[in-house]
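File shown: final.tsv (TSV, N, CA and C atoms and all ligand atoms).
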chain	number	residue	atom	x	y	z
A	1	MET	N	-46.33	9.13	-157.39
A	1	MET	CA	-46.44	7.72	-157.71
A	1	MET	C	-45.38	6.94	-156.91
A	2	TYR	N	-45.84	5.82	-156.37
A	2	TYR	CA	-44.90	4.99	-155.61
A	2	TYR	C	-44.06	4.13	-156.56
A	3	ILE	N	-42.76	4.15	-156.34
A	3	ILE	CA	-41.86	3.25	-157.07
A	3	ILE	C	-41.69	1.97	-156.24
A	4	CYS	N	-41.54	2.12	-154.94
A	4	CYS	CA	-41.38	0.99	-154.04
A	4	CYS	C	-42.57	0.96	-153.07
A	5	ILE	N	-43.38	-0.06	-153.23
A	5	ILE	CA	-44.57	-0.18	-152.38
A	5	ILE	C	-44.17	-0.60	-150.96
A	6	CYS	N	-43.27	-1.55	-150.86
A	6	CYS	CA	-42.89	-2.07	-149.53
A	6	CYS	C	-42.39	-0.97	-148.60
A	7	ARG	N	-41.58	-0.06	-149.15
A	7	ARG	CA	-40.95	0.97	-148.32
A	7	ARG	C	-41.50	2.37	-148.58
A	8	ALA	N	-42.59	2.43	-149.36
A	8	ALA	CA	-43.27	3.70	-149.64
A	8	ALA	C	-42.30	4.77	-150.13
A	9	ILE	N	-41.55	4.41	-151.18
A	9	ILE	CA	-40.63	5.37	-151.80
A	9	ILE	C	-41.27	5.87	-153.09
A	10	ARG	N	-41.46	7.17	-153.18
A	10	ARG	CA	-42.11	7.78	-154.33
A	10	ARG	C	-41.10	8.17	-155.40
A	11	ASP	N	-41.62	8.42	-156.60
A	11	ASP	CA	-40.77	8.82	-157.72
A	11	ASP	C	-39.97	10.08	-157.38
A	12	ARG	N	-40.59	11.04	-156.72
A	12	ARG	CA	-39.87	12.28	-156.40
A	12	ARG	C	-38.73	12.04	-155.39
A	13	GLU	N	-38.86	11.03	-154.55
A	13	GLU	CA	-37.78	10.69	-153.63
A	13	GLU	C	-36.62	10.04	-154.39
A	14	VAL	N	-36.96	9.22	-155.40
A	14	VAL	CA	-35.92	8.64	-156.25
A	14	VAL	C	-35.19	9.76	-156.98
A	15	ASP	N	-35.94	10.71	-157.53
A	15	ASP	CA	-35.34	11.83	-158.24
A	15	ASP	C	-34.40	12.63	-157.33
A	16	ALA	N	-34.83	12.88	-156.12
A	16	ALA	CA	-33.99	13.63	-155.18
A	16	ALA	C	-32.72	12.85	-154.86
A	17	ALA	N	-32.85	11.54	-154.70
A	17	ALA	CA	-31.67	10.72	-154.42
A	17	ALA	C	-30.70	10.74	-155.60
A	18	VAL	N	-31.24	10.70	-156.82
A	18	VAL	CA	-30.38	10.76	-158.02
A	18	VAL	C	-29.66	12.10	-158.06
A	19	ARG	N	-30.37	13.18	-157.78
A	19	ARG	CA	-29.73	14.50	-157.79
A	19	ARG	C	-28.65	14.59	-156.72
A	20	ALA	N	-28.77	13.78	-155.67
A	20	ALA	CA	-27.76	13.76	-154.59
A	20	ALA	C	-26.65	12.75	-154.88
A	21	GLY	N	-26.74	12.06	-156.05
A	21	GLY	CA	-25.64	11.17	-156.44
A	21	GLY	C	-25.98	9.69	-156.53
A	22	ALA	N	-27.20	9.28	-156.22
A	22	ALA	CA	-27.56	7.86	-156.29
A	22	ALA	C	-27.55	7.38	-157.74
A	23	ARG	N	-26.97	6.22	-157.98
A	23	ARG	CA	-26.92	5.66	-159.32
A	23	ARG	C	-27.42	4.23	-159.38
A	24	ARG	N	-27.72	3.64	-158.22
A	24	ARG	CA	-28.23	2.27	-158.16
A	24	ARG	C	-29.38	2.25	-157.15
A	25	PRO	N	-30.28	1.26	-157.28
A	25	PRO	CA	-31.37	1.17	-156.31
A	25	PRO	C	-30.88	1.16	-154.86
A	26	VAL	N	-29.81	0.47	-154.59
A	26	VAL	CA	-29.31	0.42	-153.21
A	26	VAL	C	-28.94	1.82	-152.71
A	27	ASP	N	-28.46	2.67	-153.62
A	27	ASP	CA	-28.12	4.05	-153.25
A	27	ASP	C	-29.39	4.83	-152.88
A	28	VAL	N	-30.47	4.56	-153.62
A	28	VAL	CA	-31.74	5.24	-153.35
A	28	VAL	C	-32.28	4.81	-151.98
A	29	PHE	N	-32.25	3.50	-151.72
A	29	PHE	CA	-32.72	3.03	-150.41
A	29	PHE	C	-31.92	3.68	-149.29
A	30	ARG	N	-30.61	3.73	-149.47
A	30	ARG	CA	-29.74	4.32	-148.45
A	30	ARG	C	-30.08	5.80	-148.26
A	31	ALA	N	-30.26	6.51	-149.37
A	31	ALA	CA	-30.57	7.95	-149.30
A	31	ALA	C	-31.90	8.19	-148.58
A	32	CYS	N	-32.82	7.23	-148.70
A	32	CYS	CA	-34.13	7.36	-148.06
A	32	CYS	C	-34.12	6.81	-146.64
A	33	GLY	N	-33.00	6.26	-146.21
A	33	GLY	CA	-32.92	5.70	-144.87
A	33	GLY	C	-33.72	4.42	-144.72
A	34	LYS	N	-33.86	3.69	-145.83
A	34	LYS	CA	-34.64	2.45	-145.83
A	34	LYS	C	-33.84	1.33	-146.46
A	35	SER	N	-34.33	0.10	-146.30
A	35	SER	CA	-33.68	-1.04	-146.92
A	35	SER	C	-34.69	-1.80	-147.76
A	36	PRO	N	-34.23	-2.48	-148.83
A	36	PRO	CA	-35.16	-3.20	-149.68
A	36	PRO	C	-35.83	-4.36	-148.94
A	37	GLN	N	-37.04	-4.68	-149.38
A	37	GLN	CA	-37.73	-5.83	-148.78
A	37	GLN	C	-37.90	-6.93	-149.83
A	38	CYS	N	-38.90	-6.81	-150.72
A	38	CYS	CA	-39.14	-7.89	-151.69
A	38	CYS	C	-38.24	-7.78	-152.92
A	39	GLY	N	-37.82	-6.56	-153.27
A	39	GLY	CA	-36.95	-6.35	-154.41
A	39	GLY	C	-37.66	-6.25	-155.75
A	40	SER	N	-38.97	-6.37	-155.77
A	40	SER	CA	-39.68	-6.33	-157.06
A	40	SER	C	-39.69	-4.94	-157.70
A	41	CYS	N	-39.31	-3.92	-156.97
A	41	CYS	CA	-39.28	-2.56	-157.51
A	41	CYS	C	-37.95	-2.25	-158.20
A	42	ALA	N	-37.00	-3.15	-158.15
A	42	ALA	CA	-35.65	-2.85	-158.64
A	42	ALA	C	-35.66	-2.42	-160.10
A	43	GLY	N	-36.43	-3.10	-160.95
A	43	GLY	CA	-36.48	-2.74	-162.37
A	43	GLY	C	-37.05	-1.35	-162.59
A	44	ASP	N	-38.17	-1.08	-161.95
A	44	ASP	CA	-38.78	0.25	-162.09
A	44	ASP	C	-37.87	1.34	-161.52
A	45	MET	N	-37.18	1.01	-160.43
A	45	MET	CA	-36.30	2.00	-159.82
A	45	MET	C	-35.10	2.27	-160.72
A	46	ARG	N	-34.54	1.22	-161.31
A	46	ARG	CA	-33.43	1.42	-162.25
A	46	ARG	C	-33.86	2.29	-163.42
A	47	GLU	N	-35.07	2.04	-163.92
A	47	GLU	CA	-35.59	2.82	-165.04
A	47	GLU	C	-35.73	4.29	-164.64
A	48	ARG	N	-36.26	4.54	-163.46
A	48	ARG	CA	-36.44	5.92	-162.99
A	48	ARG	C	-35.08	6.60	-162.78
A	49	ILE	N	-34.12	5.87	-162.23
A	49	ILE	CA	-32.77	6.41	-162.04
A	49	ILE	C	-32.18	6.80	-163.38
A	50	ALA	N	-32.33	5.93	-164.39
A	50	ALA	CA	-31.78	6.22	-165.72
A	50	ALA	C	-32.44	7.44	-166.33
A	51	GLU	N	-33.77	7.53	-166.23
A	51	GLU	CA	-34.49	8.68	-166.79
A	51	GLU	C	-34.08	9.98	-166.11
A	52	THR	N	-34.02	9.95	-164.81
A	52	THR	CA	-33.68	11.16	-164.07
A	52	THR	C	-32.23	11.56	-164.31
A	53	SER	N	-31.34	10.57	-164.37
A	53	SER	CA	-29.93	10.86	-164.65
A	53	SER	C	-29.79	11.50	-166.03
A	54	ALA	N	-30.51	10.97	-167.01
A	54	ALA	CA	-30.45	11.51	-168.37
A	54	ALA	C	-30.97	12.95	-168.39
A	55	ARG	N	-32.07	13.19	-167.67
A	55	ARG	CA	-32.62	14.56	-167.61
A	55	ARG	C	-31.63	15.52	-166.96
A	56	GLU	N	-31.00	15.06	-165.90
A	56	GLU	CA	-30.02	15.91	-165.19
A	56	GLU	C	-28.83	16.23	-166.09
A	57	GLN	N	-28.34	15.21	-166.81
A	57	GLN	CA	-27.19	15.43	-167.70
A	57	GLN	C	-27.55	16.35	-168.86
A	58	ALA	N	-28.77	16.19	-169.38
A	58	ALA	CA	-29.21	17.04	-170.49
A	58	ALA	C	-29.34	18.49	-170.04
A	59	ALA	N	-29.68	18.71	-168.79
A	59	ALA	CA	-29.87	20.06	-168.28
A	59	ALA	C	-28.55	20.75	-167.99
A	60	GLN	N	-27.49	20.00	-167.75
A	60	GLN	CA	-26.22	20.61	-167.36
A	60	GLN	C	-25.61	21.54	-168.40
A	61	PRO	N	-25.55	21.16	-169.71
A	61	PRO	CA	-24.96	22.10	-170.67
A	61	PRO	C	-25.70	23.42	-170.70
A	62	ALA	N	-27.02	23.40	-170.59
A	62	ALA	CA	-27.78	24.64	-170.60
A	62	ALA	C	-27.43	25.49	-169.38
A	63	MET	N	-27.25	24.84	-168.25
A	63	MET	CA	-26.90	25.57	-167.04
A	63	MET	C	-25.52	26.18	-167.17
A	64	LEU	N	-24.57	25.45	-167.78
A	64	LEU	CA	-23.22	25.97	-167.95
A	64	LEU	C	-23.21	27.12	-168.95
A	65	ALA	N	-24.02	27.00	-170.01
A	65	ALA	CA	-24.08	28.03	-171.03
A	65	ALA	C	-24.65	29.34	-170.49
A	66	ALA	N	-25.48	29.23	-169.45
A	66	ALA	CA	-26.12	30.41	-168.88
A	66	ALA	C	-25.13	31.28	-168.10
A	67	ASP	N	-23.97	30.68	-167.71
A	67	ASP	CA	-22.99	31.44	-166.92
A	67	ASP	C	-22.21	32.44	-167.73
B	1	LIG	S1	-41.55	-3.00	-153.75
B	1	LIG	FE1	-39.60	-2.22	-153.18
B	1	LIG	S2	-38.80	-3.67	-151.81
B	1	LIG	FE2	-40.81	-4.42	-152.30
Starting from the coordinates I provided, produce the structure as structure tokens.
Amino acid sequence: MYICICRAIRDREVDAAVRAGARRPVDVFRACGKSPQCGSCAGDMRERIAETSAREQAAQPAMLAAD
């Protein structure tokens, strides 16, 4: 699913950027080597960043416990 239509950034690219440390839409654009155009995707991108960040944080204790 596309999060940003103007720059053809998909949800999985946002997720990968978050796993690499992106925490704001501008970080995602930078990670994808693109720049924002209309900006209408900012809300959806923030939501996806928050969801992915929460999933990543929830997964960390389980990963640490496995060691
Ligand atoms: S939809 Fe992302 S910049 Fe236009």
Query - Polymer residues at most 6.5 Å from stretch 41-58 of chain A, only N, CA and C atoms, same-chain spacing of 2 or more positions, as number ranges by chain - result: A: 3-5, 15, 18, 23, 25, 38-39, 60-62
Keeping N, CA and C atoms, export the residues of the selection given above as a CSV table (one decimal), in the frame of the given file.
chain,number,residue,atom,x,y,z
A,3,ILE,N,-42.8,4.2,-156.3
A,3,ILE,CA,-41.9,3.2,-157.1
A,3,ILE,C,-41.7,2.0,-156.2
A,4,CYS,N,-41.5,2.1,-154.9
A,4,CYS,CA,-41.4,1.0,-154.0
A,4,CYS,C,-42.6,1.0,-153.1
A,5,ILE,N,-43.4,-0.1,-153.2
A,5,ILE,CA,-44.6,-0.2,-152.4
A,5,ILE,C,-44.2,-0.6,-151.0
A,15,ASP,N,-35.9,10.7,-157.5
A,15,ASP,CA,-35.3,11.8,-158.2
A,15,ASP,C,-34.4,12.6,-157.3
A,18,VAL,N,-31.2,10.7,-156.8
A,18,VAL,CA,-30.4,10.8,-158.0
A,18,VAL,C,-29.7,12.1,-158.1
A,23,ARG,N,-27.0,6.2,-158.0
A,23,ARG,CA,-26.9,5.7,-159.3
A,23,ARG,C,-27.4,4.2,-159.4
A,25,PRO,N,-30.3,1.3,-157.3
A,25,PRO,CA,-31.4,1.2,-156.3
A,25,PRO,C,-30.9,1.2,-154.9
A,38,CYS,N,-38.9,-6.8,-150.7
A,38,CYS,CA,-39.1,-7.9,-151.7
A,38,CYS,C,-38.2,-7.8,-152.9
A,39,GLY,N,-37.8,-6.6,-153.3
A,39,GLY,CA,-37.0,-6.4,-154.4
A,39,GLY,C,-37.7,-6.2,-155.8
A,60,GLN,N,-27.5,20.0,-167.8
A,60,GLN,CA,-26.2,20.6,-167.4
A,60,GLN,C,-25.6,21.5,-168.4
A,61,PRO,N,-25.6,21.2,-169.7
A,61,PRO,CA,-25.0,22.1,-170.7
A,61,PRO,C,-25.7,23.4,-170.7
A,62,ALA,N,-27.0,23.4,-170.6
A,62,ALA,CA,-27.8,24.6,-170.6
A,62,ALA,C,-27.4,25.5,-169.4
Query raised in the report: To one decimal place, how far is atom CA of A:Asp11 from atom S1 of ligand LIG 1 (chain B) in Å?
Result: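 Spanning atom CA of A:Asp11 to atom S1 of ligand LIG 1 (chain B) is a straight-line distance of 12.5 Å.
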Query raised in the report: Which residue out of A:Arg7, A:Asp27, A:Ala20, A:Val14 has the minimum interatomic distance to A:Ser40 when only C-alpha atoms are used?
Result: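 Checking each candidate against A:Ser40, we get A:Arg7 as the closest.
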Report task. Using backbone DSSP assignments, extract all strand (DSSP E) residues from chain A; output them as a list of chain:residue names. Result ->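 So the strand (DSSP E) residues in chain A would be A:Tyr2, A:Ile3, A:Cys4, A:Ile9, A:Arg10.
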Query raised in the report: atom N of A:Val26 and atom C of A:Ala59 are how many Å apart?
Result: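 The value is 24.3 Å.
Proximity ranking of A:Arg24, A:Gly33, A:Cys6, A:Met1 relative to ligand LIG 1 (chain B) places A:Cys6 first, based on all atoms listed in the file.
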Query raised in the report: Expressed in Å to a single decimal, how great is the separation between atom CA of A:Ala16 and atom CA of A:Gln37?
Result: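 It comes out at 20.8 Å.
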Report task. Assign secondary structure with DSSP using the backbone only, and return the residues of chain A in alpha helix (DSSP H) as JSON, numbers by chain. Result -> {"A": [11, 12, 13, 14, 15, 16, 17, 18, 19, 25, 26, 27, 28, 29, 30, 31, 42, 43, 44, 45, 46, 47, 48, 49, 50, 51, 52, 53, 54, 55, 56, 57, 58, 59, 60, 61, 62, 63, 64, 65]}
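Taking all atoms listed in the file into account, ligand LIG 1 (chain B) lies nearest to A:Ser35 out of the set A:Ala17, A:Arg10, A:Ser35, A:Val28.
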